[in-house]
$ cat upload.pdb   # PDB, C-alpha atoms
ATOM      1  CA  MET R1070     -67.898   2.329  23.203
ATOM      2  CA  THR R1071     -70.695   0.128  21.893
ATOM      3  CA  LYS R1072     -73.296  -1.013  24.362
ATOM      4  CA  ASP R1073     -75.772  -3.763  23.616
ATOM      5  CA  ARG R1074     -78.951  -1.961  22.663
ATOM      6  CA  LYS R1075     -82.363  -3.568  22.204
ATOM      7  CA  PRO R1076     -84.555  -2.647  19.204
ATOM      8  CA  LYS R1077     -86.791   0.296  20.060
ATOM      9  CA  ASN R1078     -90.040   1.359  18.489
ATOM     10  CA  VAL R1079     -89.081   4.310  16.331
ATOM     11  CA  PHE R1080     -92.615   5.059  15.111
ATOM     12  CA  LYS R1081     -94.935   7.737  16.420
ATOM     13  CA  GLU R1082     -98.529   8.188  15.334
ATOM     14  CA  GLY R1083     -98.973  11.445  13.407
ATOM     15  CA  ALA R1084     -96.652  14.447  13.167
ATOM     16  CA  ILE R1085     -93.693  14.971  15.486
ATOM     17  CA  SER R1086     -94.449  18.123  17.450
ATOM     18  CA  SER R1087     -92.003  20.945  18.139
ATOM     19  CA  GLU R1088     -92.794  20.484  21.868
ATOM     20  CA  PHE R1089     -91.617  16.863  21.678
ATOM     21  CA  ILE R1090     -88.408  17.964  19.932
ATOM     22  CA  ALA R1091     -87.816  20.718  22.505
ATOM     23  CA  GLN R1092     -88.300  18.259  25.387
ATOM     24  CA  SER R1093     -85.834  15.833  23.773
ATOM     25  CA  ILE R1094     -83.226  18.579  23.682
ATOM     26  CA  ALA R1095     -83.940  19.618  27.278
ATOM     27  CA  LYS R1096     -83.492  16.035  28.532
ATOM     28  CA  HIS R1097     -79.836  16.156  27.490
ATOM     29  CA  GLN R1098     -78.887  19.001  29.832
ATOM     30  CA  SER R1099     -77.942  16.442  32.508
ATOM     31  CA  LYS R1100     -75.528  14.657  30.127
ATOM     32  CA  THR R1101     -72.621  17.031  30.561
ATOM     33  CA  SER R1102     -70.033  15.029  28.596
ATOM     34  CA  ILE R1103     -71.901  16.181  25.473
ATOM     35  CA  GLY R1104     -70.418  19.162  23.661
ATOM     36  CA  ALA R1105     -72.306  18.995  20.359
ATOM     37  CA  HIS R1106     -75.807  18.044  19.213
ATOM     38  CA  ASN R1107     -76.994  17.753  15.632
ATOM     39  CA  ILE R1108     -80.615  17.426  14.552
ATOM     40  CA  PHE R1109     -82.280  16.468  11.279
ATOM     41  CA  LEU R1110     -85.963  17.246  10.799
ATOM     42  CA  GLY R1111     -87.776  15.868   7.772
ATOM     43  CA  GLN R1112     -90.747  18.060   6.814
ATOM     44  CA  VAL R1113     -93.612  17.237   4.449
ATOM     45  CA  ARG R1114     -93.396  19.404   1.312
ATOM     46  CA  ALA R1115     -96.487  20.743  -0.432
ATOM     47  CA  ASP R1116     -95.159  19.555  -3.813
ATOM     48  CA  GLU R1117     -97.118  20.490  -6.899
ATOM     49  CA  ILE R1118     -97.469  17.532  -9.264
ATOM     50  CA  ASP R1119     -99.419  17.866 -12.529
ATOM     51  CA  GLY R1120    -101.206  20.931 -11.199
ATOM     52  CA  LYS R1121    -102.231  19.262  -7.921
ATOM     53  CA  THR R1122    -100.795  20.180  -4.536
ATOM     54  CA  VAL R1123     -99.779  17.677  -1.847
ATOM     55  CA  SER R1124    -101.704  18.433   1.348
ATOM     56  CA  ALA R1125    -100.402  15.540   3.482
ATOM     57  CA  ILE R1126     -98.442  12.304   3.430
ATOM     58  CA  GLU R1127     -99.934   9.156   4.915
ATOM     59  CA  TYR R1128     -97.151   6.885   6.186
ATOM     60  CA  THR R1129     -97.316   3.118   6.517
ATOM     61  CA  ALA R1130     -94.476   0.674   7.176
ATOM     62  CA  TYR R1131     -93.478  -2.943   7.476
ATOM     63  CA  GLN R1132     -93.017  -2.110  11.120
ATOM     64  CA  ASP R1133     -91.158  -5.191  12.370
ATOM     65  CA  MET R1134     -88.609  -5.048   9.563
ATOM     66  CA  ALA R1135     -88.364  -1.261   9.836
ATOM     67  CA  ASN R1136     -87.600  -1.402  13.554
ATOM     68  CA  ALA R1137     -84.999  -4.120  12.872
ATOM     69  CA  LYS R1138     -83.387  -1.907  10.210
ATOM     70  CA  PHE R1139     -83.465   1.146  12.479
ATOM     71  CA  HIS R1140     -81.713  -1.004  15.082
ATOM     72  CA  ASP R1141     -79.039  -2.107  12.566
ATOM     73  CA  ILE R1142     -78.490   1.515  11.531
ATOM     74  CA  ARG R1143     -78.181   2.533  15.189
ATOM     75  CA  GLU R1144     -75.605  -0.191  15.888
ATOM     76  CA  ALA R1145     -73.607   0.610  12.738
ATOM     77  CA  THR R1146     -73.626   4.323  13.578
ATOM     78  CA  PHE R1147     -72.374   3.764  17.130
ATOM     79  CA  SER R1148     -69.568   1.570  15.799
ATOM     80  CA  LYS R1149     -68.524   4.125  13.126
ATOM     81  CA  PHE R1150     -68.771   7.369  15.109
ATOM     82  CA  ASN R1151     -67.975   8.464  18.646
ATOM     83  CA  LEU R1152     -71.487   9.330  19.784
ATOM     84  CA  THR R1153     -72.856   9.766  23.283
ATOM     85  CA  CYS R1154     -76.433   9.109  22.212
ATOM     86  CA  MET R1155     -78.774   8.880  19.254
ATOM     87  CA  HIS R1156     -82.550   9.151  18.887
ATOM     88  CA  ILE R1157     -84.658   8.425  15.810
ATOM     89  CA  TYR R1158     -88.418   8.997  15.454
ATOM     90  CA  HIS R1159     -90.489   8.495  12.315
ATOM     91  CA  SER R1160     -94.174   9.244  11.839
ATOM     92  CA  LEU R1161     -96.888   6.795  10.880
ATOM     93  CA  GLY R1162    -100.324   7.844   9.689
ATOM     94  CA  THR R1163    -101.154  11.300   8.383
ATOM     95  CA  VAL R1164     -98.668  14.171   8.482
ATOM     96  CA  LYS R1165     -99.822  17.445   6.902
ATOM     97  CA  SER R1166     -97.573  19.571   4.692
ATOM     98  CA  GLY R1167     -95.338  21.739   6.854
ATOM     99  CA  GLU R1168     -95.317  19.205   9.702
ATOM    100  CA  ILE R1169     -92.366  17.069  10.805
ATOM    101  CA  CYS R1170     -92.276  13.369   9.882
ATOM    102  CA  LEU R1171     -88.683  12.408  10.774
ATOM    103  CA  PHE R1172     -86.578  13.470  13.762
ATOM    104  CA  VAL R1173     -82.979  12.301  14.097
ATOM    105  CA  PHE R1174     -80.937  13.582  17.041
ATOM    106  CA  VAL R1175     -77.269  12.745  17.660
ATOM    107  CA  SER R1176     -74.959  13.934  20.432
ATOM    108  CA  SER R1177     -71.225  13.667  20.967
ATOM    109  CA  PRO R1178     -68.445  15.324  22.960
ATOM    110  CA  HIS R1179     -67.301  17.092  19.731
ATOM    111  CA  ARG R1180     -68.923  18.608  16.636
ATOM    112  CA  LYS R1181     -67.157  16.729  13.813
ATOM    113  CA  GLU R1182     -68.654  13.391  14.778
ATOM    114  CA  VAL R1183     -72.248  14.630  14.836
ATOM    115  CA  PHE R1184     -72.014  16.234  11.385
ATOM    116  CA  LYS R1185     -70.799  12.987   9.808
ATOM    117  CA  ALA R1186     -73.052  10.690  11.821
ATOM    118  CA  LEU R1187     -76.268  12.569  11.075
ATOM    119  CA  GLU R1188     -75.820  12.463   7.303
ATOM    120  CA  TYR R1189     -74.940   8.772   7.470
ATOM    121  CA  ILE R1190     -78.066   7.937   9.504
ATOM    122  CA  VAL R1191     -80.503   9.877   7.315
ATOM    123  CA  GLU R1192     -79.132   8.379   4.079
ATOM    124  CA  GLU R1193     -79.287   4.877   5.568
ATOM    125  CA  ILE R1194     -82.903   5.398   6.658
ATOM    126  CA  LYS R1195     -83.899   6.543   3.171
ATOM    127  CA  ALA R1196     -82.196   3.547   1.546
ATOM    128  CA  LYS R1197     -82.917   0.657   3.913
ATOM    129  CA  VAL R1198     -86.071   1.170   5.958
ATOM    130  CA  PRO R1199     -89.397  -0.083   4.515
ATOM    131  CA  VAL R1200     -91.573   2.982   5.073
ATOM    132  CA  TYR R1201     -94.116   4.151   2.493
ATOM    133  CA  GLY R1202     -95.466   7.629   1.949
ATOM    134  CA  LYS R1203     -98.769   8.125   0.178
ATOM    135  CA  GLU R1204     -98.988  11.712  -1.054
ATOM    136  CA  ILE R1205    -102.528  12.975  -0.585
ATOM    137  CA  PHE R1206    -103.569  15.842  -2.843
ATOM    138  CA  LYS R1207    -106.007  18.583  -1.943
ATOM    139  CA  ASP R1208    -108.644  16.980  -4.212
ATOM    140  CA  SER R1209    -108.314  13.708  -2.172
ATOM    141  CA  THR R1210    -106.586  11.779  -4.979
ATOM    142  CA  HIS R1211    -103.187  10.283  -4.153
ATOM    143  CA  GLN R1212     -99.917   8.920  -5.491
ATOM    144  CA  TRP R1213     -97.143   6.839  -3.892
ATOM    145  CA  LYS R1214     -94.019   8.813  -3.104
ATOM    146  CA  LYS R1215     -90.602   7.618  -4.245
ATOM    147  CA  ASN R1216     -87.337   8.605  -2.600
ATOM    148  CA  THR R1217     -84.891  10.249  -4.959
TER     149      THR R1217
ATOM    150  CA  MET W 926     -96.309 -24.937   3.863
ATOM    151  CA  GLN W 927     -98.543 -22.040   4.748
ATOM    152  CA  LEU W 928     -97.090 -18.660   3.896
ATOM    153  CA  GLN W 929     -98.209 -15.308   5.225
ATOM    154  CA  ILE W 930     -97.667 -12.829   2.381
ATOM    155  CA  LYS W 931     -97.594  -9.129   3.237
ATOM    156  CA  TYR W 932     -98.172  -6.368   0.677
ATOM    157  CA  PHE W 933     -97.152  -2.759   1.165
ATOM    158  CA  GLY W 934     -97.774   0.617  -0.448
ATOM    159  CA  LEU W 935     -98.919   0.495  -4.051
ATOM    160  CA  LEU W 936     -98.851  -3.316  -4.038
ATOM    161  CA  ALA W 937    -101.579  -3.484  -1.381
ATOM    162  CA  GLU W 938    -103.802  -1.491  -3.753
ATOM    163  CA  ILE W 939    -103.213  -4.032  -6.532
ATOM    164  CA  THR W 940    -103.910  -7.050  -4.335
ATOM    165  CA  ASN W 941    -106.675  -5.198  -2.502
ATOM    166  CA  CYS W 942    -105.356  -6.517   0.819
ATOM    167  CA  GLU W 943    -102.418  -5.926   3.153
ATOM    168  CA  GLY W 944    -101.756  -9.615   3.588
ATOM    169  CA  GLU W 945    -103.032 -13.121   3.042
ATOM    170  CA  THR W 946    -102.190 -16.721   3.844
ATOM    171  CA  ILE W 947    -101.501 -19.034   0.939
ATOM    172  CA  GLU W 948    -100.589 -22.694   0.624
ATOM    173  CA  PHE W 949     -97.186 -23.016  -1.025
ATOM    174  CA  SER W 950     -95.657 -26.323  -2.082
ATOM    175  CA  LYS W 951     -92.575 -25.213  -4.045
ATOM    176  CA  THR W 952     -89.239 -23.835  -2.840
ATOM    177  CA  SER W 953     -87.932 -20.562  -4.250
ATOM    178  CA  VAL W 954     -88.918 -16.917  -4.255
ATOM    179  CA  SER W 955     -89.301 -17.042  -8.043
ATOM    180  CA  ASP W 956     -91.732 -19.984  -7.708
ATOM    181  CA  LEU W 957     -93.786 -17.906  -5.298
ATOM    182  CA  LEU W 958     -93.735 -14.894  -7.610
ATOM    183  CA  GLU W 959     -94.959 -17.041 -10.513
ATOM    184  CA  GLU W 960     -97.971 -18.033  -8.405
ATOM    185  CA  LEU W 961     -98.649 -14.470  -7.314
ATOM    186  CA  TYR W 962     -98.402 -13.171 -10.903
ATOM    187  CA  ILE W 963    -101.156 -15.591 -11.919
ATOM    188  CA  LYS W 964    -103.353 -14.312  -9.108
ATOM    189  CA  TYR W 965    -102.412 -10.636  -9.564
ATOM    190  CA  PRO W 966    -101.208 -10.030 -13.167
ATOM    191  CA  LEU W 967    -100.654  -6.297 -12.471
ATOM    192  CA  LEU W 968     -97.905  -7.145  -9.955
ATOM    193  CA  LYS W 969     -95.654  -8.164 -12.824
ATOM    194  CA  GLN W 970     -95.411  -4.569 -14.051
ATOM    195  CA  LYS W 971     -94.439  -3.190 -10.654
ATOM    196  CA  ASP W 972     -91.042  -2.526  -9.151
ATOM    197  CA  PHE W 973     -90.674  -4.348  -5.817
ATOM    198  CA  LYS W 974     -88.334  -6.487  -3.741
ATOM    199  CA  VAL W 975     -89.020  -9.545  -1.610
ATOM    200  CA  ALA W 976     -88.076  -9.673   2.079
ATOM    201  CA  GLN W 977     -87.638 -12.725   4.268
ATOM    202  CA  ASN W 978     -86.455 -12.583   7.899
ATOM    203  CA  TYR W 979     -86.478  -8.768   7.552
ATOM    204  CA  ASP W 980     -83.880  -8.813   4.773
ATOM    205  CA  ILE W 981     -84.183  -8.356   1.011
ATOM    206  CA  VAL W 982     -83.651 -11.701  -0.753
ATOM    207  CA  SER W 983     -82.980 -12.592  -4.391
ATOM    208  CA  ASN W 984     -85.479 -14.433  -6.579
ATOM    209  CA  SER W 985     -83.344 -17.570  -6.467
ATOM    210  CA  SER W 986     -83.450 -17.709  -2.645
ATOM    211  CA  GLU W 987     -85.148 -20.607  -0.934
ATOM    212  CA  ILE W 988     -88.190 -19.790   1.156
ATOM    213  CA  THR W 989     -87.545 -20.849   4.742
ATOM    214  CA  ASN W 990     -89.681 -18.419   6.718
ATOM    215  CA  PRO W 991     -93.497 -18.470   6.778
ATOM    216  CA  GLU W 992     -93.627 -14.654   6.531
ATOM    217  CA  ILE W 993     -92.755 -13.084   3.180
ATOM    218  CA  ALA W 994     -93.143  -9.393   2.350
ATOM    219  CA  LEU W 995     -93.386  -7.684  -1.040
ATOM    220  CA  LEU W 996     -91.823  -4.241  -0.765
ATOM    221  CA  PRO W 997     -92.123  -1.478  -3.365
ATOM    222  CA  PRO W 998     -89.447   1.282  -3.401
ATOM    223  CA  PHE W 999     -89.091   2.875   0.039
ATOM    224  CA  SER W1000     -90.216   6.434   0.658
ATOM    225  CA  GLY W1001     -89.570   7.131   4.305
ATOM    226  CA  GLY W1002     -88.174  10.290   5.815
TER     227      GLY W1002
END
$ encode --input "upload.pdb" --output "structure tokens"
Amino acid sequence: MTKDRKPKNVFKEGAISSEFIAQSIAKHQSKTSIGAHNIFLGQVRADEIDGKTVSAIEYTAYQDMANAKFHDIREATFSKFNLTCMHIYHSLGTVKSGEICLFVFVSSPHRKEVFKALEYIVEEIKAKVPVYGKEIFKDSTHQWKKNT
Amino acid sequence: MQLQIKYFGLLAEITNCEGETIEFSKTSVSDLLEELYIKYPLLKQKDFKVAQNYDIVSNSSEITNPEIALLPPFSGG
């Protein structure tokens, strides 16, 4: 079942809080056709690079294109997998190490669909969405992150 | 025509701006890049792709949209 969905704004300023994630889960208690949720949380790592430690990542994006790509990924995911609903949130601005910068939440009547769908969505986001992470070191220098 | 060029990530540090409007009289993406390389020689050494209408386009593509973005490798998530 594919409904016509309008592009949403996926971006949130700053880190995604555990309270926000908890509320998102709680909101699904009324959707009783759901039997399985799956959640991906991207967290900022305190990587050590050339003796310097990452203290935060500052995210910027080509927001209009990014929201269009998130929309395409959403549509493709609904057409490939039997999902009841899907939510994607990505941070903009500064996210400190240990904080959450990406929250993907999929729900379906059955577990197998959510396992496959979640991996598909996260890999598509990494490959197709123009978001940029500037790794800020403790000494205030920086470098531009690259996805591996 | 007038083009709005947007620069992201590392590229915005090289150009020292996130975007600018330029007058462009030729046709292809590669023509545009030639002009930008004259203005910003360091761009030539960088890995990036060009987007038009929110899609990545090849250097031989014709420019039809007044908004063009230069996108270094993505690092979201």
$ residues_around --input "upload.pdb" --residues "range 987-1002 of chain W" --least-positions-apart "4" --cutoff "8 Å" --atoms "only C-alpha atoms" --output "PyMOL selection string"
(chain R and resi 1111+1128+1159+1170-1171+1191+1194-1202+1214-1216) or (chain W and resi 926-936+952-954+971-978)
$ write_last_selection --input "upload.pdb" --atoms "C-alpha atoms" --output "CSV table (one decimal), in the coordinates of the input"
chain,number,residue,atom,x,y,z
R,1111,GLY,CA,-87.8,15.9,7.8
R,1128,TYR,CA,-97.2,6.9,6.2
R,1159,HIS,CA,-90.5,8.5,12.3
R,1170,CYS,CA,-92.3,13.4,9.9
R,1171,LEU,CA,-88.7,12.4,10.8
R,1191,VAL,CA,-80.5,9.9,7.3
R,1194,ILE,CA,-82.9,5.4,6.7
R,1195,LYS,CA,-83.9,6.5,3.2
R,1196,ALA,CA,-82.2,3.5,1.5
R,1197,LYS,CA,-82.9,0.7,3.9
R,1198,VAL,CA,-86.1,1.2,6.0
R,1199,PRO,CA,-89.4,-0.1,4.5
R,1200,VAL,CA,-91.6,3.0,5.1
R,1201,TYR,CA,-94.1,4.2,2.5
R,1202,GLY,CA,-95.5,7.6,1.9
R,1214,LYS,CA,-94.0,8.8,-3.1
R,1215,LYS,CA,-90.6,7.6,-4.2
R,1216,ASN,CA,-87.3,8.6,-2.6
W,926,MET,CA,-96.3,-24.9,3.9
W,927,GLN,CA,-98.5,-22.0,4.7
W,928,LEU,CA,-97.1,-18.7,3.9
W,929,GLN,CA,-98.2,-15.3,5.2
W,930,ILE,CA,-97.7,-12.8,2.4
W,931,LYS,CA,-97.6,-9.1,3.2
W,932,TYR,CA,-98.2,-6.4,0.7
W,933,PHE,CA,-97.2,-2.8,1.2
W,934,GLY,CA,-97.8,0.6,-0.4
W,935,LEU,CA,-98.9,0.5,-4.1
W,936,LEU,CA,-98.9,-3.3,-4.0
W,952,THR,CA,-89.2,-23.8,-2.8
W,953,SER,CA,-87.9,-20.6,-4.2
W,954,VAL,CA,-88.9,-16.9,-4.3
W,971,LYS,CA,-94.4,-3.2,-10.7
W,972,ASP,CA,-91.0,-2.5,-9.2
W,973,PHE,CA,-90.7,-4.3,-5.8
W,974,LYS,CA,-88.3,-6.5,-3.7
W,975,VAL,CA,-89.0,-9.5,-1.6
W,976,ALA,CA,-88.1,-9.7,2.1
W,977,GLN,CA,-87.6,-12.7,4.3
W,978,ASN,CA,-86.5,-12.6,7.9
$ atom_distance --input "upload.pdb" --atom1 "CA of Ile1126 in chain R" --atom2 "CA of Lys1077 in chain R"
23.6 Å
$ axis_aligned_box --input "upload.pdb" --around "range 1145-1154 of chain R" --padding-each-side "4 Å" --output "lines of an AutoDock Vina configuration file"
center_x = -72.2
center_y = 5.2
center_z = 18.0
size_x = 16.5
size_y = 17.2
size_z = 18.5
$ resolve_selection --input "upload.pdb" --expression "the PyMOL selection byres ((chain R and resi 1175-1184) around 12)" --output "PyMOL selection string"
chain R and resi 1093-1094+1096-1098+1100-1110+1143+1146-1158+1172-1174+1185-1191
$ atom_distance --input "upload.pdb" --atom1 "CA of Val1164 in chain R" --atom2 "CA of Ala1115 in chain R"
11.3 Å
$ decode --input "upload.pdb" --residues "range 969-980 of chain W" --atoms "all heavy atoms" --output "mmCIF file, in the first residue's frame"
data_model
loop_
_atom_site.group_PDB
_atom_site.id
_atom_site.type_symbol
_atom_site.label_atom_id
_atom_site.label_comp_id
_atom_site.auth_asym_id
_atom_site.auth_seq_id
_atom_site.Cartn_x
_atom_site.Cartn_y
_atom_site.Cartn_z
ATOM 1 N N LYS W 969 39.870 22.689 -8.457
ATOM 2 C CA LYS W 969 40.255 21.662 -9.424
ATOM 3 C C LYS W 969 40.826 20.416 -8.755
ATOM 4 O O LYS W 969 40.709 19.309 -9.278
ATOM 5 C CB LYS W 969 41.279 22.251 -10.395
ATOM 6 C CG LYS W 969 41.261 21.597 -11.752
ATOM 7 C CD LYS W 969 42.002 22.433 -12.776
ATOM 8 C CE LYS W 969 41.853 21.782 -14.143
ATOM 9 N NZ LYS W 969 42.421 22.613 -15.201
ATOM 10 N N GLN W 970 41.421 20.605 -7.573
ATOM 11 C CA GLN W 970 42.029 19.462 -6.874
ATOM 12 C C GLN W 970 41.025 18.717 -6.010
ATOM 13 O O GLN W 970 41.369 17.723 -5.379
ATOM 14 C CB GLN W 970 43.154 19.966 -5.960
ATOM 15 C CG GLN W 970 44.214 20.747 -6.686
ATOM 16 C CD GLN W 970 45.050 21.591 -5.726
ATOM 17 O OE1 GLN W 970 45.047 21.380 -4.517
ATOM 18 N NE2 GLN W 970 45.771 22.557 -6.266
ATOM 19 N N LYS W 971 39.811 19.211 -5.930
ATOM 20 C CA LYS W 971 38.851 18.629 -4.978
ATOM 21 C C LYS W 971 37.879 17.674 -5.659
ATOM 22 O O LYS W 971 37.539 17.827 -6.826
ATOM 23 C CB LYS W 971 38.072 19.751 -4.280
ATOM 24 C CG LYS W 971 38.941 20.668 -3.453
ATOM 25 C CD LYS W 971 39.664 19.903 -2.342
ATOM 26 C CE LYS W 971 40.710 20.776 -1.656
ATOM 27 N NZ LYS W 971 41.603 19.989 -0.794
ATOM 28 N N ASP W 972 37.442 16.709 -4.857
ATOM 29 C CA ASP W 972 36.483 15.710 -5.313
ATOM 30 C C ASP W 972 35.080 16.270 -5.052
ATOM 31 O O ASP W 972 34.721 16.546 -3.907
ATOM 32 C CB ASP W 972 36.728 14.432 -4.486
ATOM 33 C CG ASP W 972 35.749 13.331 -4.828
ATOM 34 O OD1 ASP W 972 35.118 13.393 -5.897
ATOM 35 O OD2 ASP W 972 35.625 12.393 -4.008
ATOM 36 N N PHE W 973 34.307 16.480 -6.108
ATOM 37 C CA PHE W 973 32.919 16.940 -5.911
ATOM 38 C C PHE W 973 32.067 16.571 -7.117
ATOM 39 O O PHE W 973 32.579 16.218 -8.179
ATOM 40 C CB PHE W 973 32.862 18.446 -5.641
ATOM 41 C CG PHE W 973 33.290 19.311 -6.802
ATOM 42 C CD1 PHE W 973 32.368 19.730 -7.763
ATOM 43 C CD2 PHE W 973 34.610 19.721 -6.930
ATOM 44 C CE1 PHE W 973 32.759 20.528 -8.827
ATOM 45 C CE2 PHE W 973 35.016 20.521 -7.991
ATOM 46 C CZ PHE W 973 34.087 20.923 -8.942
ATOM 47 N N LYS W 974 30.754 16.641 -6.924
ATOM 48 C CA LYS W 974 29.806 16.398 -8.003
ATOM 49 C C LYS W 974 28.931 17.630 -8.158
ATOM 50 O O LYS W 974 28.836 18.464 -7.251
ATOM 51 C CB LYS W 974 28.949 15.176 -7.690
ATOM 52 C CG LYS W 974 29.762 13.873 -7.696
ATOM 53 C CD LYS W 974 28.858 12.665 -7.624
ATOM 54 C CE LYS W 974 29.570 11.400 -8.060
ATOM 55 N NZ LYS W 974 30.672 11.004 -7.192
ATOM 56 N N VAL W 975 28.303 17.737 -9.336
ATOM 57 C CA VAL W 975 27.450 18.890 -9.616
ATOM 58 C C VAL W 975 26.000 18.428 -9.606
ATOM 59 O O VAL W 975 25.665 17.382 -10.176
ATOM 60 C CB VAL W 975 27.824 19.502 -10.977
ATOM 61 C CG1 VAL W 975 26.893 20.654 -11.332
ATOM 62 C CG2 VAL W 975 29.279 19.980 -10.961
ATOM 63 N N ALA W 976 25.139 19.205 -8.932
ATOM 64 C CA ALA W 976 23.710 18.873 -8.894
ATOM 65 C C ALA W 976 22.889 19.976 -9.552
ATOM 66 O O ALA W 976 23.169 21.164 -9.393
ATOM 67 C CB ALA W 976 23.247 18.676 -7.459
ATOM 68 N N GLN W 977 21.899 19.519 -10.311
ATOM 69 C CA GLN W 977 20.933 20.418 -10.945
ATOM 70 C C GLN W 977 19.552 19.788 -10.740
ATOM 71 O O GLN W 977 19.404 18.575 -10.900
ATOM 72 C CB GLN W 977 21.261 20.525 -12.435
ATOM 73 C CG GLN W 977 20.216 21.240 -13.260
ATOM 74 C CD GLN W 977 20.704 21.592 -14.648
ATOM 75 O OE1 GLN W 977 20.992 22.738 -14.941
ATOM 76 N NE2 GLN W 977 20.816 20.593 -15.514
ATOM 77 N N ASN W 978 18.566 20.589 -10.408
ATOM 78 C CA ASN W 978 17.222 20.054 -10.110
ATOM 79 C C ASN W 978 17.273 18.937 -9.067
ATOM 80 O O ASN W 978 16.535 17.956 -9.154
ATOM 81 C CB ASN W 978 16.533 19.529 -11.378
ATOM 82 C CG ASN W 978 16.317 20.624 -12.392
ATOM 83 O OD1 ASN W 978 15.959 21.747 -12.036
ATOM 84 N ND2 ASN W 978 16.548 20.314 -13.664
ATOM 85 N N TYR W 979 18.166 19.082 -8.099
ATOM 86 C CA TYR W 979 18.314 18.146 -6.973
ATOM 87 C C TYR W 979 18.784 16.755 -7.402
ATOM 88 O O TYR W 979 18.581 15.776 -6.682
ATOM 89 C CB TYR W 979 17.010 18.026 -6.167
ATOM 90 C CG TYR W 979 16.467 19.337 -5.683
ATOM 91 C CD1 TYR W 979 15.118 19.504 -5.430
ATOM 92 C CD2 TYR W 979 17.306 20.426 -5.471
ATOM 93 C CE1 TYR W 979 14.609 20.711 -4.981
ATOM 94 C CE2 TYR W 979 16.816 21.636 -5.018
ATOM 95 C CZ TYR W 979 15.465 21.776 -4.772
ATOM 96 O OH TYR W 979 14.960 22.976 -4.326
ATOM 97 N N ASP W 980 19.425 16.681 -8.580
ATOM 98 C CA ASP W 980 20.020 15.413 -8.996
ATOM 99 C C ASP W 980 21.451 15.652 -9.459
ATOM 100 O O ASP W 980 21.765 16.717 -9.994
ATOM 101 C CB ASP W 980 19.225 14.778 -10.140
ATOM 102 C CG ASP W 980 18.058 13.949 -9.619
ATOM 103 O OD1 ASP W 980 18.261 13.180 -8.655
ATOM 104 O OD2 ASP W 980 16.947 14.080 -10.169
#
